[in-house]
Amino acid sequence: MKGASGPIKVLIVDDSPLVRQVLGTILEADPAIQVIGYASDGKEGVEKTFQLKPDLITMDINMPGMDGLEATEKIMAYRPTPILIVTSARDRRGVQITMEALAAGALEVMEKPTPLPDDSWEDLGKRLVEKVKLLAGVRVITHLKGRSRHLPGRVRADGQEKAHRVVGIGVSTGGPGVLSQILKPLPADFPMALLIVQHMSEGFMPGLVEWLSRDVRLPIQLAHEGDLVKPGLALMAPEGSHLVVQQGGRARLRQALPVGGHRPSADVLLHSVAAIYGEAAIGVLLTGMGRDGAEGLKAIRDAGGYTIVQDEDSCAVFGMPKAAIDLGAAQEVLPPSGIAERLIQLAR
């Protein structure tokens with residue numbers, strides 16, 4: 001949030017005049033938010049981003065001319081600004097384009113309120129305002145499409161060789177693109193299982209799995225109760241359920257209360273990985289707001305496992321990795337390319 005420096009300045013980009021009005025009405029009702037402009041397509045959205053210098057942009061996906069993906073790519077390449085995708089595009093193509101926009105630098109996604117008031121308005125309105133306040137203060141990084149950034153890692157390894165069997169990964173804001181960068185280099189016969197918690201708005205996890213599966217050689221699927229945790233398979237926590245692993249290497253889904261505001265929770269997953277696999281576990285904590293996963297990563301390190309966090313320069317939000325570093329949970333700090341390389345090395 002902007003706090004003492006004034007209200008959060010928001011630019012709304014959507015091709016529907018009615019939706020622009022609805023979003024503006026919801027946001028302007030909060031005194032901490034000021035809507036400073038509207039754009040009816042991606043091209044106008046890019047132009048007004050340069051003119052108005054908003055603190056945050058709400059971005060539609062399907063628009064005539066320049067769509068939300070192209071607009072996001074241009075904004076993140078030339079004037080990086082926090083972007084919240086607000087879309088009703090829930091068909092396969094729309095969800096895939098949304099995932100591309102998240103990989104291009106947009107921070108989060110949520111569904112649009114309906115144009116006419118209904119029972120969902122109050123809840124969606126609260127979540128929209130909450131996300132705008134959370135994301136407006138995020139320090140976003142430049143995303144130049146096609147440009148790779150290989151940064152040196154800060155190594156704090158103990159040098160011991162261990163037979164690792166499972167990788168537990170926690171990730172939140174900015175996660176889809178980073179997950180893609182880490183998973184794509186892994187070979188199809190990668191000899192470890194992967195268990196992943198990605199914080200994601202309701203309804204978008206199946207689309208994320210499908211999007212990742214296009215370019216990743218490993219099979220990726222949403223976890224189901226009783227799935228076998230086996231080498232070469234990546235299981236992702238479904239929305240609304242904690243993912244844990246139990247004795248015998250079976251995935252379990254739990255409807256327990258949210259932990260730290262999250263269900264699924266990275267802490268819940270990583271604690272279970274530490275308990276079952278001990279020194280055969282690897283824990284990875286990636287970009288995200290807050291501290292979910294820090295305690296679980298510490299549990300893996302304390303159990304003799306190996307722990308890695310994403311470096312600050314490549315994070316959309318350095319909150320979760322920083323919390324783990326501050327707790328003494330991280331053995332290595334690496335960019336996504338370095339994390340992929342390290343996992344391949346550890347797998348050998």
# chains A, B, ... in the order shown; residues from 1 in each chain; ligands from 1
>>> select_by_dssp(residues="range 124-268 of chain A", states="strand (DSSP E or B)", output="PyMOL selection string")
chain A and resi 154-155+166-171+193-198+220-222+228+234-236+242-246+250-254+259+262
>>> write_last_selection(atoms="C-alpha atoms", output="CSV table (one decimal), in the first residue's frame")
chain,number,residue,atom,x,y,z
A,154,ARG,CA,25.0,-17.6,-3.1
A,155,VAL,CA,26.0,-21.1,-2.1
A,166,VAL,CA,11.4,-35.9,-3.3
A,167,VAL,CA,11.3,-32.2,-3.9
A,168,GLY,CA,8.7,-30.1,-2.1
A,169,ILE,CA,8.1,-26.6,-3.7
A,170,GLY,CA,6.2,-23.6,-2.3
A,171,VAL,CA,5.4,-20.6,-4.5
A,193,ALA,CA,9.0,-36.9,-7.2
A,194,LEU,CA,7.8,-33.3,-7.0
A,195,LEU,CA,5.1,-31.9,-4.8
A,196,ILE,CA,4.0,-28.3,-5.4
A,197,VAL,CA,1.9,-25.8,-3.6
A,198,GLN,CA,1.1,-22.7,-5.7
A,220,ILE,CA,2.2,-32.8,-14.1
A,221,GLN,CA,-1.2,-33.3,-12.6
A,222,LEU,CA,-3.4,-32.0,-9.8
A,228,LEU,CA,1.4,-42.4,-5.4
A,234,ALA,CA,4.9,-33.6,-10.4
A,235,LEU,CA,1.8,-33.4,-8.2
A,236,MET,CA,0.2,-29.9,-7.6
A,242,HIS,CA,-3.8,-29.0,1.9
A,243,LEU,CA,-1.5,-31.4,0.2
A,244,VAL,CA,0.5,-33.7,2.5
A,245,VAL,CA,2.5,-36.9,2.0
A,246,GLN,CA,2.1,-39.8,4.4
A,250,ARG,CA,0.9,-41.5,-0.7
A,251,ALA,CA,-0.5,-38.1,-1.3
A,252,ARG,CA,-3.3,-37.0,1.0
A,253,LEU,CA,-5.7,-34.0,0.7
A,254,ARG,CA,-6.8,-32.4,3.9
A,259,VAL,CA,-2.6,-22.1,7.8
A,262,HIS,CA,-3.6,-20.3,3.0
>>> select_by_dssp(residues="range 226-336 of chain A", states="alpha helix (DSSP H)", output="NGL selection string")
:A and (266-277 or 294-302 or 319-326 or 336)
>>> residues_around(residues="Pro191 in chain A", least_positions_apart="2", cutoff="8 Å", atoms="only C-alpha atoms", output="PyMOL selection string")
chain A and resi 165+189+193+231-232+347
>>> residues_around(residues="range 341-343 of chain A", least_positions_apart="4", cutoff="12 Å", atoms="only C-alpha atoms", output="number ranges by chain")
A: 150, 152-153, 155, 157, 164-169, 181-187, 190-194, 281-284, 306-309, 331-337, 347-348
>>> closest_residue(among="A:Ser201, A:Gln255, A:Thr25, A:Ser272", to="Thr98 in chain A", atoms="only C-alpha atoms")
A:Ser201
